[in-house]
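S.K.: Below is the file input30.txt, which contains compact mmCIF, C-alpha atoms.
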```
# COMPACT_ATOMS: atom_id res chain seq x y z
CA MET A 1 0.00 0.00 0.00
CA ASP A 2 2.78 2.44 0.90
CA GLU A 3 4.66 1.53 -2.29
CA LEU A 4 1.63 2.45 -4.42
CA GLY A 5 1.48 5.93 -2.90
CA ALA A 6 5.23 6.44 -3.23
CA ARG A 7 5.29 5.40 -6.89
CA ALA A 8 2.32 7.65 -7.70
CA ALA A 9 3.96 10.61 -5.95
CA ALA A 10 7.18 10.06 -7.88
CA LEU A 11 5.25 9.90 -11.15
CA ALA A 12 3.43 13.14 -10.41
CA ALA A 13 6.72 14.83 -9.42
CA ARG A 14 8.29 13.86 -12.77
CA HIS A 15 5.31 15.21 -14.73
CA PRO A 16 4.06 18.21 -12.73
CA ARG A 17 2.14 19.77 -15.65
CA ALA A 18 0.25 16.66 -16.66
CA ALA A 19 -0.19 14.66 -13.43
CA ARG A 20 -1.62 15.50 -9.99
CA LEU A 21 -1.87 13.41 -6.85
CA ARG A 22 -4.39 14.34 -4.17
CA ARG A 23 -5.93 12.84 -1.08
CA VAL A 24 -9.65 12.37 -1.67
CA GLY A 25 -10.59 10.49 1.50
CA THR A 26 -9.46 8.55 4.54
CA SER A 27 -10.13 4.90 5.28
CA ARG A 28 -11.59 3.58 8.52
CA GLY A 29 -8.05 2.78 9.65
CA GLY A 30 -6.79 6.29 8.89
CA THR A 31 -5.04 5.46 5.60
CA PRO A 32 -5.10 8.20 2.94
CA MET A 33 -7.12 7.39 -0.19
CA LEU A 34 -5.18 8.81 -3.12
CA LEU A 35 -6.33 9.88 -6.59
CA LEU A 36 -3.78 10.21 -9.39
CA SER A 37 -5.07 12.32 -12.30
CA VAL A 38 -3.43 12.61 -15.72
CA GLY A 39 -4.43 15.06 -18.43
CA HIS A 40 -6.63 18.14 -18.54
CA GLY A 41 -9.48 17.08 -20.84
CA SER A 42 -13.12 17.84 -20.17
CA ARG A 43 -14.18 14.17 -20.35
CA GLN A 44 -13.46 12.27 -17.16
CA ALA A 45 -12.50 8.59 -16.90
CA LEU A 46 -12.53 7.09 -13.40
CA VAL A 47 -10.54 3.93 -12.66
CA VAL A 48 -11.07 2.25 -9.27
CA ALA A 49 -8.32 -0.10 -8.10
CA GLY A 50 -8.46 -2.41 -5.09
CA PRO A 51 -12.22 -2.54 -4.44
CA HIS A 52 -11.64 -6.04 -3.04
CA ALA A 53 -8.84 -6.35 -0.55
CA ASN A 54 -7.41 -9.61 -1.93
CA GLU A 55 -7.16 -8.36 -5.53
CA PRO A 56 -3.93 -6.35 -5.62
CA ALA A 57 -3.05 -6.19 -9.33
CA GLY A 58 -5.38 -3.22 -9.92
CA GLY A 59 -3.06 -0.80 -8.14
CA ALA A 60 -0.20 -1.68 -10.49
CA THR A 61 -2.62 -1.44 -13.42
CA ALA A 62 -3.63 2.07 -12.35
CA LEU A 63 0.01 3.15 -12.35
CA ARG A 64 0.60 1.57 -15.76
CA LEU A 65 -2.44 3.35 -17.16
CA ALA A 66 -1.05 6.63 -15.83
CA GLU A 67 2.29 5.92 -17.54
CA ARG A 68 0.54 5.09 -20.83
CA ALA A 69 -1.55 8.25 -20.67
CA LEU A 70 1.53 10.36 -19.97
CA ALA A 71 3.41 8.77 -22.86
CA ASP A 72 0.61 8.91 -25.44
CA PRO A 73 -1.19 12.26 -25.86
CA ARG A 74 -3.90 10.51 -27.88
CA LEU A 75 -5.23 9.21 -24.54
CA THR A 76 -5.51 12.70 -23.05
CA ASP A 77 -5.41 15.70 -25.41
CA GLY A 78 -6.41 13.63 -28.43
CA ALA A 79 -9.47 12.29 -26.64
CA ASP A 80 -10.21 15.46 -24.61
CA ALA A 81 -9.90 13.20 -21.56
CA THR A 82 -8.62 13.21 -18.00
CA TRP A 83 -7.69 9.93 -16.35
CA ASN A 84 -8.60 9.75 -12.64
CA LEU A 85 -7.06 6.72 -10.95
CA LEU A 86 -8.12 5.82 -7.41
CA LEU A 87 -5.12 3.79 -6.26
CA CYS A 88 -7.01 1.62 -3.75
CA ALA A 89 -10.62 1.63 -2.59
CA ASP A 90 -9.91 -0.61 0.43
CA PRO A 91 -6.40 0.25 1.67
CA ASP A 92 -6.92 -1.25 5.13
CA GLY A 93 -7.97 -4.57 3.61
CA LEU A 94 -5.04 -4.55 1.21
CA ARG A 95 -2.63 -4.21 4.16
CA ARG A 96 -4.16 -7.35 5.68
CA ASN A 97 -3.13 -9.29 2.56
CA GLU A 98 0.51 -8.25 2.68
CA GLY A 99 1.52 -11.65 4.09
CA TRP A 100 1.28 -13.17 0.60
CA LEU A 101 1.83 -10.17 -1.68
CA SER A 102 5.62 -10.51 -1.77
CA GLY A 103 5.45 -14.20 -2.72
CA PRO A 104 6.13 -16.95 -3.18
CA TYR A 105 2.85 -17.14 -5.06
CA THR A 106 1.45 -20.48 -4.00
CA LEU A 107 -2.19 -21.26 -3.31
CA GLY A 108 -1.31 -22.38 0.22
CA ARG A 109 0.44 -19.11 1.06
CA TYR A 110 -2.42 -17.14 -0.44
CA ALA A 111 -5.09 -19.06 1.48
CA ARG A 112 -3.31 -18.75 4.84
CA ASN A 113 -2.87 -14.99 4.41
CA PHE A 114 -6.12 -14.19 2.60
CA PHE A 115 -8.35 -11.41 3.86
CA ARG A 116 -11.52 -9.86 2.53
CA PRO A 117 -14.01 -8.07 4.76
CA SER A 118 -17.60 -9.09 5.26
CA PHE A 119 -20.02 -8.37 2.43
CA LEU A 120 -21.42 -5.28 4.12
CA GLU A 121 -17.93 -3.80 4.55
CA GLN A 122 -16.92 -3.90 0.90
CA PRO A 123 -16.70 -0.37 -0.51
CA GLU A 124 -18.54 -0.87 -3.81
CA TRP A 125 -21.69 -2.22 -2.16
CA LEU A 126 -24.74 -0.04 -1.50
CA PRO A 127 -27.16 -2.57 0.02
CA ASP A 128 -29.05 0.20 1.85
CA GLY A 129 -28.76 2.75 -0.95
CA PRO A 130 -26.40 5.71 -1.42
CA ASP A 131 -28.12 7.88 1.20
CA ARG A 132 -27.39 5.47 4.07
CA VAL A 133 -23.72 4.82 3.43
CA THR A 134 -21.58 4.57 6.56
CA LEU A 135 -18.23 3.38 5.20
CA PRO A 136 -15.87 6.30 4.54
CA GLU A 137 -14.34 4.41 1.61
CA THR A 138 -17.75 4.12 -0.06
CA ARG A 139 -18.58 7.73 0.64
CA THR A 140 -15.28 8.77 -0.96
CA LEU A 141 -16.09 6.80 -4.09
CA LEU A 142 -19.60 8.23 -4.34
CA GLU A 143 -18.30 11.78 -3.90
CA LEU A 144 -15.74 11.20 -6.66
CA GLN A 145 -18.45 9.96 -9.00
CA ASP A 146 -20.62 12.99 -8.24
CA GLU A 147 -17.68 15.36 -8.67
CA LEU A 148 -16.32 13.90 -11.92
CA ARG A 149 -19.51 12.67 -13.63
CA PRO A 150 -17.32 10.31 -15.63
CA PHE A 151 -18.21 9.11 -19.10
CA LEU A 152 -16.42 5.88 -18.15
CA GLN A 153 -15.80 4.06 -14.88
CA CYS A 154 -13.56 0.98 -14.76
CA SER A 155 -13.47 -1.15 -11.62
CA LEU A 156 -10.39 -3.39 -11.49
CA HIS A 157 -11.01 -6.81 -9.99
CA GLY A 158 -9.10 -10.06 -9.75
CA VAL A 159 -10.36 -13.64 -9.93
CA ASP A 160 -8.31 -15.79 -7.56
CA VAL A 161 -8.79 -18.94 -9.70
CA GLY A 162 -10.47 -18.93 -13.10
CA GLY A 163 -10.32 -16.65 -16.12
CA GLY A 164 -10.78 -13.13 -17.35
CA PHE A 165 -14.13 -11.56 -18.10
CA VAL A 166 -15.80 -8.14 -18.30
CA GLU A 167 -19.09 -6.93 -16.85
CA LEU A 168 -20.69 -3.85 -18.45
CA THR A 169 -23.61 -1.58 -17.70
CA HIS A 170 -23.91 -0.79 -21.44
CA ASP A 171 -23.16 -2.80 -24.54
CA LEU A 172 -19.89 -1.87 -26.24
CA PRO A 173 -19.86 -3.66 -29.60
CA GLY A 174 -16.38 -4.92 -30.40
CA ILE A 175 -15.18 -5.49 -26.84
CA ALA A 176 -15.54 -9.29 -27.00
CA GLY A 177 -13.22 -9.54 -30.00
CA ARG A 178 -10.68 -7.14 -28.49
CA MET A 179 -10.73 -9.13 -25.27
CA ALA A 180 -10.30 -12.45 -27.10
CA ARG A 181 -7.21 -11.19 -28.94
CA THR A 182 -5.67 -9.74 -25.79
CA ALA A 183 -6.31 -12.90 -23.79
CA ALA A 184 -4.82 -15.09 -26.51
CA ARG A 185 -1.65 -12.98 -26.78
CA LEU A 186 -1.08 -13.00 -23.02
CA GLY A 187 -2.10 -16.58 -22.33
CA ILE A 188 -5.08 -15.61 -20.15
CA PRO A 189 -8.07 -18.00 -20.19
CA ARG A 190 -11.43 -16.33 -20.74
CA GLU A 191 -14.19 -17.25 -18.32
CA LEU A 192 -17.05 -18.22 -20.63
CA GLY A 193 -19.50 -19.18 -17.90
CA SER A 194 -18.77 -17.08 -14.84
CA TYR A 195 -20.54 -18.05 -11.62
CA ASP A 196 -20.89 -14.33 -10.76
CA THR A 197 -22.96 -13.74 -13.89
CA LEU A 198 -24.87 -16.99 -14.05
CA TYR A 199 -28.24 -15.28 -14.56
CA TRP A 200 -26.99 -12.21 -16.44
CA PRO A 201 -27.36 -11.53 -20.19
CA ASP A 202 -24.36 -12.32 -22.39
CA LEU A 203 -22.99 -9.52 -24.58
CA GLY A 204 -20.46 -11.83 -26.18
CA PRO A 205 -17.99 -14.50 -25.05
CA ALA A 206 -16.79 -13.61 -21.51
CA VAL A 207 -18.68 -10.28 -21.64
CA TYR A 208 -21.76 -9.85 -19.44
CA ARG A 209 -24.41 -7.16 -18.96
CA ILE A 210 -24.79 -5.92 -15.38
CA PRO A 211 -28.54 -6.02 -14.64
CA PRO A 212 -30.34 -3.18 -12.87
CA PRO A 213 -30.15 -3.62 -9.09
CA ARG A 214 -33.21 -5.02 -7.38
CA LEU A 215 -34.39 -5.42 -3.83
CA GLY A 216 -34.16 -8.80 -2.17
CA ASP A 217 -32.94 -10.56 0.92
CA LEU A 218 -29.23 -10.31 1.67
CA THR A 219 -28.43 -13.90 0.83
CA ALA A 220 -30.08 -13.68 -2.59
CA ALA A 221 -28.22 -10.48 -3.32
CA ILE A 222 -24.90 -12.03 -2.35
CA THR A 223 -25.35 -15.13 -4.45
CA GLU A 224 -26.71 -13.31 -7.50
CA ALA A 225 -24.66 -10.08 -7.25
CA ALA A 226 -27.81 -8.07 -7.93
CA VAL A 227 -27.42 -5.48 -5.19
CA GLU A 228 -27.28 -1.75 -5.68
CA SER A 229 -23.65 -0.74 -6.05
CA THR A 230 -21.28 2.03 -7.05
CA TRP A 231 -21.14 0.33 -10.46
CA CYS A 232 -24.65 1.58 -11.25
CA HIS A 233 -24.75 4.73 -9.11
CA PRO A 234 -23.30 7.11 -11.77
CA GLY A 235 -25.71 5.84 -14.41
CA ARG A 236 -27.68 9.07 -14.13
CA PHE A 237 -24.69 10.82 -15.70
CA GLY A 238 -24.70 8.40 -18.62
CA THR A 239 -21.60 6.68 -17.26
CA VAL A 240 -20.53 3.38 -18.79
CA THR A 241 -19.15 1.12 -16.05
CA ALA A 242 -16.84 -1.77 -16.88
CA VAL A 243 -15.81 -4.31 -14.25
CA VAL A 244 -12.56 -5.82 -15.51
CA GLU A 245 -11.74 -9.22 -13.99
CA ALA A 246 -8.22 -10.65 -14.35
CA PRO A 247 -7.27 -14.08 -12.96
CA MET A 248 -4.39 -14.64 -10.56
CA TRP A 249 -4.38 -18.40 -11.12
CA GLY A 250 -5.69 -19.39 -14.53
CA ALA A 251 -7.80 -22.52 -15.06
CA ALA A 252 -8.25 -23.65 -18.65
CA GLY A 253 -11.58 -25.37 -17.94
CA VAL A 254 -13.41 -22.06 -17.59
CA ALA A 255 -12.89 -21.54 -21.33
CA ASP A 256 -14.47 -24.86 -22.38
CA ASP A 257 -17.78 -23.96 -24.00
CA ALA A 258 -18.67 -27.54 -25.02
CA LEU A 259 -21.90 -29.03 -23.71
CA PRO A 260 -21.45 -31.35 -20.71
CA ALA A 261 -22.10 -35.07 -21.05
CA ASP A 262 -24.12 -35.20 -17.79
CA ARG A 263 -24.88 -31.81 -16.32
CA GLU A 264 -27.03 -33.12 -13.48
CA ALA A 265 -24.36 -35.52 -12.25
CA VAL A 266 -21.76 -32.76 -12.10
CA LEU A 267 -24.16 -30.43 -10.30
CA ARG A 268 -25.01 -33.10 -7.73
CA ALA A 269 -21.33 -33.71 -7.11
CA VAL A 270 -20.44 -30.01 -6.80
CA SER A 271 -23.35 -29.24 -4.48
CA GLY A 272 -22.66 -32.35 -2.40
CA VAL A 273 -19.01 -31.42 -1.90
CA LEU A 274 -19.98 -27.87 -0.91
CA ARG A 275 -22.48 -29.13 1.67
CA HIS A 276 -20.02 -31.64 3.11
CA ASP A 277 -17.16 -29.16 3.38
CA THR A 278 -19.40 -26.47 4.83
CA ARG A 279 -20.54 -28.82 7.61
CA ARG A 280 -16.91 -29.60 8.46
CA LEU A 281 -16.11 -25.90 8.73
CA GLN A 282 -19.22 -25.21 10.79
CA ARG A 283 -18.12 -27.85 13.31
CA LEU A 284 -14.59 -26.40 13.47
CA LEU A 285 -15.97 -22.90 13.92
CA ALA A 286 -18.26 -24.05 16.74
CA ARG A 287 -15.24 -25.50 18.56
CA LEU A 288 -13.06 -22.46 17.92
CA ARG A 289 -15.41 -19.51 18.44
CA PRO A 290 -15.67 -19.61 22.27
CA HIS A 291 -11.87 -19.39 22.52
CA VAL A 292 -11.27 -16.55 20.04
CA ALA A 293 -14.44 -14.45 19.84
CA ALA A 294 -13.14 -11.89 22.32
CA GLY A 295 -9.77 -11.50 20.60
CA PRO A 296 -8.74 -8.05 19.31
CA ASP A 297 -8.89 -9.09 15.64
CA ALA A 298 -11.63 -11.70 15.86
CA ALA A 299 -14.49 -9.55 14.57
CA HIS A 300 -12.68 -8.76 11.30
CA LEU A 301 -11.92 -12.42 10.64
CA LEU A 302 -15.14 -14.02 11.89
CA ALA A 303 -17.54 -11.74 9.99
CA PRO A 304 -16.53 -12.93 6.50
CA VAL A 305 -16.47 -16.55 7.68
CA ASP A 306 -20.03 -16.18 8.92
CA ASP A 307 -20.99 -14.70 5.54
CA TYR A 308 -19.42 -17.56 3.58
CA LEU A 309 -20.97 -20.24 5.77
CA LEU A 310 -24.36 -18.53 5.45
CA VAL A 311 -24.19 -18.43 1.67
CA SER A 312 -22.73 -21.89 1.03
CA PRO A 313 -25.81 -24.03 1.90
CA ARG A 314 -28.02 -21.77 -0.18
CA LEU A 315 -25.71 -22.13 -3.14
CA ALA A 316 -25.59 -25.91 -2.72
CA ASN A 317 -29.39 -26.03 -2.84
CA ALA A 318 -29.55 -23.65 -5.80
CA TRP A 319 -27.14 -25.84 -7.78
CA ASP A 320 -28.51 -29.26 -6.83
CA PRO A 321 -31.05 -30.51 -9.42
CA ASP A 322 -32.71 -32.60 -6.68
CA ALA A 323 -33.14 -29.73 -4.18
CA ASP A 324 -35.52 -26.80 -3.91
CA ASP A 325 -33.94 -23.60 -2.67
CA GLY A 326 -37.32 -21.83 -2.51
CA SER A 327 -36.46 -19.21 -5.13
CA GLY A 328 -38.46 -20.77 -7.96
CA ARG A 329 -35.57 -20.00 -10.30
CA ARG A 330 -34.25 -22.63 -12.67
CA LEU A 331 -30.61 -22.88 -13.63
CA PRO A 332 -29.88 -21.61 -17.15
CA PRO A 333 -28.40 -23.79 -19.90
CA MET A 334 -24.79 -24.62 -19.09
CA SER A 335 -21.53 -25.47 -20.79
CA ASN A 336 -18.52 -27.18 -19.26
CA ALA A 337 -17.22 -23.67 -18.56
CA HIS A 338 -20.20 -22.95 -16.28
CA LEU A 339 -19.76 -26.19 -14.39
CA THR A 340 -16.04 -25.59 -13.91
CA ALA A 341 -16.71 -22.06 -12.66
CA MET A 342 -19.28 -23.37 -10.18
CA ARG A 343 -16.88 -25.99 -8.88
CA ILE A 344 -14.24 -23.29 -8.43
CA ALA A 345 -16.73 -20.97 -6.72
CA GLY A 346 -17.79 -23.62 -4.22
CA ARG A 347 -14.19 -24.43 -3.39
CA ARG A 348 -13.44 -20.69 -3.07
CA LEU A 349 -15.99 -20.25 -0.29
CA THR A 350 -14.66 -23.09 1.82
CA LEU A 351 -10.98 -22.35 1.17
CA ARG A 352 -11.40 -18.73 2.18
CA SER A 353 -13.27 -19.74 5.32
CA ALA A 354 -10.59 -22.23 6.31
CA GLY A 355 -7.85 -19.67 5.69
CA LEU A 356 -9.52 -17.06 7.87
CA LEU A 357 -10.05 -19.60 10.67
CA HIS A 358 -6.39 -20.59 10.37
CA GLN A 359 -5.40 -16.95 10.89
CA LEU A 360 -7.64 -16.71 13.95
CA VAL A 361 -5.66 -19.50 15.58
CA THR A 362 -2.17 -18.48 14.46
CA ARG A 363 -2.62 -14.86 15.45
CA ALA A 364 -3.84 -15.92 18.89
CA GLY A 365 -0.58 -17.80 19.32
CA ARG A 366 -2.31 -20.88 20.76
CA ASP A 367 -4.79 -23.55 19.72
CA PRO A 368 -6.96 -24.37 22.75
CA ALA A 369 -9.65 -25.96 20.56
CA GLY A 370 -7.12 -28.21 18.79
CA VAL A 371 -8.36 -27.25 15.30
CA LEU A 372 -5.11 -26.20 13.64
CA PRO A 373 -3.99 -29.66 12.40
CA GLU A 374 -7.34 -30.27 10.73
CA LEU A 375 -7.37 -26.78 9.20
CA ASP A 376 -3.91 -27.37 7.76
CA ARG A 377 -5.02 -30.69 6.28
CA LEU A 378 -8.09 -29.08 4.71
CA LEU A 379 -6.14 -26.15 3.30
CA ASP A 380 -3.54 -28.44 1.77
CA ALA A 381 -6.16 -30.76 0.29
CA TRP A 382 -8.31 -27.96 -1.12
CA CYS A 383 -5.34 -26.12 -2.62
CA ALA A 384 -4.29 -29.41 -4.23
CA ASP A 385 -7.81 -29.73 -5.64
CA TYR A 386 -7.44 -26.33 -7.27
CA HIS A 387 -3.98 -27.16 -8.59
CA ASP A 388 -4.48 -30.77 -9.66
CA GLY A 389 -8.24 -31.02 -10.13
CA CYS A 390 -8.84 -27.63 -11.77
CA GLY A 391 -5.40 -27.13 -13.33
CA ALA A 392 -4.87 -23.79 -11.57
CA ARG A 393 -1.60 -22.15 -12.61
CA TRP A 394 -0.15 -18.86 -11.38
CA ILE A 395 -0.20 -16.02 -13.93
CA PRO A 396 2.74 -13.64 -13.41
CA VAL A 397 1.73 -10.24 -12.07
CA GLU A 398 3.21 -8.53 -15.13
CA ARG A 399 0.77 -10.38 -17.39
CA GLN A 400 -2.19 -9.75 -15.08
CA VAL A 401 -1.43 -6.03 -15.17
CA GLU A 402 -0.86 -5.89 -18.93
CA TYR A 403 -4.12 -7.75 -19.52
CA GLN A 404 -6.12 -5.36 -17.35
CA THR A 405 -4.42 -2.36 -18.93
CA ARG A 406 -5.23 -3.43 -22.48
CA ILE A 407 -8.85 -4.20 -21.62
CA VAL A 408 -9.31 -0.80 -19.95
CA LEU A 409 -7.80 0.97 -22.97
CA ALA A 410 -10.12 -0.96 -25.29
CA VAL A 411 -13.15 -0.06 -23.16
CA PHE A 412 -11.97 3.58 -23.07
CA GLU A 413 -11.88 3.74 -26.86
CA LEU A 414 -15.22 1.98 -27.39
CA ALA A 415 -17.03 3.98 -24.69
CA GLY A 416 -15.70 7.16 -26.30
CA ARG A 417 -17.09 6.10 -29.66
CA ARG A 418 -20.43 5.36 -28.03
CA ALA A 419 -20.52 8.90 -26.63
CA GLY A 420 -19.52 10.44 -29.96
CA ALA A 421 -16.22 11.69 -28.51
CA PRO A 422 -12.88 11.97 -30.33
CA VAL A 423 -11.51 8.51 -31.10
CA PRO A 424 -7.98 8.29 -29.65
CA PHE A 425 -6.75 5.61 -32.02
CA GLY A 426 -8.82 6.38 -35.08
```
If you took the structure in this file and wrote it as structure tokens, what would it be?
M.R.:
Amino acid sequence: MDELGARAAALAARHPRAARLRRVGTSRGGTPMLLLSVGHGSRQALVVAGPHANEPAGGATALRLAERALADPRLTDGADATWNLLLCADPDGLRRNEGWLSGPYTLGRYARNFFRPSFLEQPEWLPDGPDRVTLPETRTLLELQDELRPFLQCSLHGVDVGGGFVELTHDLPGIAGRMARTAARLGIPRELGSYDTLYWPDLGPAVYRIPPPRLGDLTAAITEAAVESTWCHPGRFGTVTAVVEAPMWGAAGVADDALPADREAVLRAVSGVLRHDTRRLQRLLARLRPHVAAGPDAAHLLAPVDDYLLVSPRLANAWDPDADDGSGRRLPPMSNAHLTAMRIAGRRLTLRSAGLLHQLVTRAGRDPAGVLPELDRLLDAWCADYHDGCGARWIPVERQVEYQTRIVLAVFELAGRRAGAPVPFG
């Protein structure tokens, strides 16, 4: 986190006429929230890095975008544009992930040092609407949107295991082809059946339309990602929002768009594994909670575990062809890519929960409930399942950043065309 700020300050110092760095807010932990702006055009582009604490590549992407904009006047003067790059929307959460950020980049190290706050403490969420926001990080982001009225907003996300995809509030014809070429050149699998967008309209391979937010119970909103958010909030300004997802560990199966031989059998297996693993974690949590609940860091670590263990049984029921989750909603047609993404998503919930429980014990410095050996066994087995069963392979940070950068630049050009603005590369 400190390195991001230092590199941005150095960049602004080298280019004092074109670049400015300012503090636009303060996190709950007192960390400055910094905005790096490049160019002096009338059309504003807003790029939000680090909205999820465990997705660090976006900060490096923001700096690379700043360097590209400084080096190529077609991105600023030629497009009458200013680039506004929020270096991290959740700086406190990013600090909590620093145990794995310096490598080595193994799934085990990641899982044992993973942190992401509870659903209600993630800065892009507006589950109670923009007028009832309490998080200072969210308020900062909303104020930036209202100040800038951007023609484009890009939110930089990272898939821990899977492939790259884009979510859009508006159709941008041509983005699917641009994304396919970029992914192929960089060796990034495209996620052709993302779990996050299971019920969303397709705008092309690995490109999905963000639906309008709707009211519903918290669990439904979590599992269907249909809550009100800062993605849709600037829509009244005509803003196009693009959520750019780049994988940390790629899994080739998410790009397999062939029809499955036996969809129901796979769904039964995936939902059964999720139920079984969730019950194991619930038993471990019940043993552990009385010993750690009063600890100084327990609330931060227990809240997301409670979220994951709340959502997991609902997901298992929603995916199981023999169960009724009460929603009345049927699963859409599926390819092998969808089924792979669902398997990865189920494993993600349990692996994250186990990693957070592991931290609860190790940070306490003692294991009075005797759960650490079992947690280590589970973490090792589930990481092996990702590596061996799903073929998860680490994608170097340089390629993650270059992928995100190229997708943002493509979206910038296409959104500009949509608005009738100067075309930077025409």
S.K.: Please provide as a short mmCIF file (atom, residue, chain, number, x, y, z; two decimals) with C-alpha atoms, in the coordinates of the input all residues within 7 Å of region 105-111 of chain A, with the sequence filter that same-chain residues fewer than 2 positions apart are discarded (counting all atoms listed in the file).
M.R.:
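Result saved to around_34.cif:
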```cif
data_model
loop_
_atom_site.label_atom_id
_atom_site.label_comp_id
_atom_site.auth_asym_id
_atom_site.auth_seq_id
_atom_site.Cartn_x
_atom_site.Cartn_y
_atom_site.Cartn_z
CA TRP A 100 1.28 -13.17 0.60
CA GLY A 103 5.45 -14.20 -2.72
CA ASN A 113 -2.87 -14.99 4.41
CA PHE A 114 -6.12 -14.19 2.60
CA LEU A 351 -10.98 -22.35 1.17
CA ARG A 352 -11.40 -18.73 2.18
CA GLY A 355 -7.85 -19.67 5.69
CA LEU A 379 -6.14 -26.15 3.30
CA ASP A 380 -3.54 -28.44 1.77
CA CYS A 383 -5.34 -26.12 -2.62
#
```
S.K.: Counting all atoms listed in the file, select every polymer residue within 9 Å of (-24.1, 3.5, -16.5) as defined in the file's coordinates, and provide the selection as a ChimeraX atom specification.
M.R.: /A:151-153,168-170,231-242
S.K.: Leaving out region 269-283 of chain A and any residue of its chain fewer than 4 positions from it, which residues lie within 8 Å of it when counting only C-alpha atoms, given as number ranges by chain?
M.R.: A: 265, 287, 309, 312-313, 315-317, 319-320, 342-343, 346-347, 350, 353-354
S.K.: Taking all atoms of region 92-111 of chain A that appear in the file, build a box with edges along x, y and z, extend it by 6 Å on every side, and state its centre and edge lengths in Å to one decimal, as JSON.
M.R.:
```
{"center_x": -0.9, "center_y": -11.8, "center_z": 0.3, "size_x": 26.1, "size_y": 33.1, "size_z": 22.7}
```
S.K.: Report the closest atom pair, with its distance in Å rounded to one decimal, for each residue of region 21-58 of chain A that has an atom no farther than 12 Å from region 413-421 of chain A; count all atoms listed in the file, sort by chain and then rising residue number, and write it as JSON lines.
M.R.:
```
{"residue": "A:Gly41", "atom": "CA", "partner": "A:Ala421", "partner_atom": "CA", "distance": 11.5}
{"residue": "A:Ser42", "atom": "CA", "partner": "A:Ala421", "partner_atom": "CA", "distance": 10.8}
{"residue": "A:Arg43", "atom": "CA", "partner": "A:Ala421", "partner_atom": "CA", "distance": 8.8}
{"residue": "A:Gln44", "atom": "CA", "partner": "A:Gly416", "partner_atom": "CA", "distance": 10.7}
{"residue": "A:Ala45", "atom": "CA", "partner": "A:Gly416", "partner_atom": "CA", "distance": 10.0}
```
S.K.: From the list A:Ala53, A:Val408, A:Ala298, A:Ala252, which residue is nearest Asp92 (chain A) when using only C-alpha atoms?
M.R.: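 Among the listed residues, A:Ala53 lies closest to Asp92 (chain A).
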S.K.: Between CA of Ile407 (chain A) and CA of Leu198 (chain A), measure the distance and give it in Å to one decimal.
M.R.: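 So the answer is 21.9 Å.
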S.K.: Would you list the residues near (4.0, 0.0, -9.6) (no more than 10 Å away, in the coordinates of the file, using all atoms listed in the file) as a PyMOL selection string?
M.R.: chain A and resi 3-8+57-64+401
S.K.: Report, in Å to a single decimal, how far apart CA of Leu378 (chain A) and CA of Pro260 (chain A) are.
M.R.: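 Separation of CA of Pro260 (chain A) and CA of Leu378 (chain A): 28.8 Å.
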S.K.: With all atoms listed in the file as the basis for distance, which of A:Asp146, A:Gly370, A:Val311, A:Leu156 is at the shortest distance from Asp325 (chain A)?
M.R.: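 Smallest distance to Asp325 (chain A) is found for A:Val311.
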S.K.: Can you pull out the residues contacting Arg96 (chain A)? Cut-off 12 Å, using all atoms listed in the file, and skip same-chain residues under 3 positions away; I want them as a list in words.
M.R.: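 Final neighbour list, sorted by chain and number: Met1, Gly29, His52, Ala53, Asn54, Glu55, Pro56, Asp90, Pro91, Asp92, Gly93, Gly99, Trp100, Leu101, Tyr110, Arg112, Asn113, Phe114, Phe115, Arg116, Pro117, Asp297, His300, Leu301, Leu356 and Gln359 of chain A.
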S.K.: So what do you get for CA of Arg348 (chain A) versus CA of Pro51 (chain A), distance-wise?
M.R.: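 Atom-to-atom, CA of Arg348 (chain A) and CA of Pro51 (chain A) are spaced 18.2 Å apart.
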S.K.: My list of candidates is A:Tyr199, A:Trp83, A:Tyr403, A:Trp125. Which is closest to Met334 (chain A) when distances are computed with only C-alpha atoms?
M.R.: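 Looking at the shortest contact to Met334 (chain A), the residue is A:Tyr199.
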S.K.: Quick one: everything within 7 Å of Gly193 (chain A), counting all atoms listed in the file, minus sequence neighbours fewer than 5 positions away in the same chain. Send it as a ChimeraX atom specification.
M.R.: /A:198,254,337-338,341
S.K.: Find the residue from A:Leu46, A:Leu21, A:Val397, A:Cys88 that sits nearest to Pro104 (chain A); use all atoms listed in the file when measuring.
M.R.: A:Val397
S.K.: Give the answer as one residue: which of A:Val243, A:Cys154, A:Leu259, A:Val133 has the shortest atom-to-atom distance to Ile210 (chain A), using all atoms listed in the file?
M.R.: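 The answer is A:Val243, which sits nearest to Ile210 (chain A).
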S.K.: Which is closest to Thr182 (chain A) among A:Arg399, A:Leu284, A:Ala71, A:Asp131, if we use all atoms listed in the file?
M.R.: A:Arg399
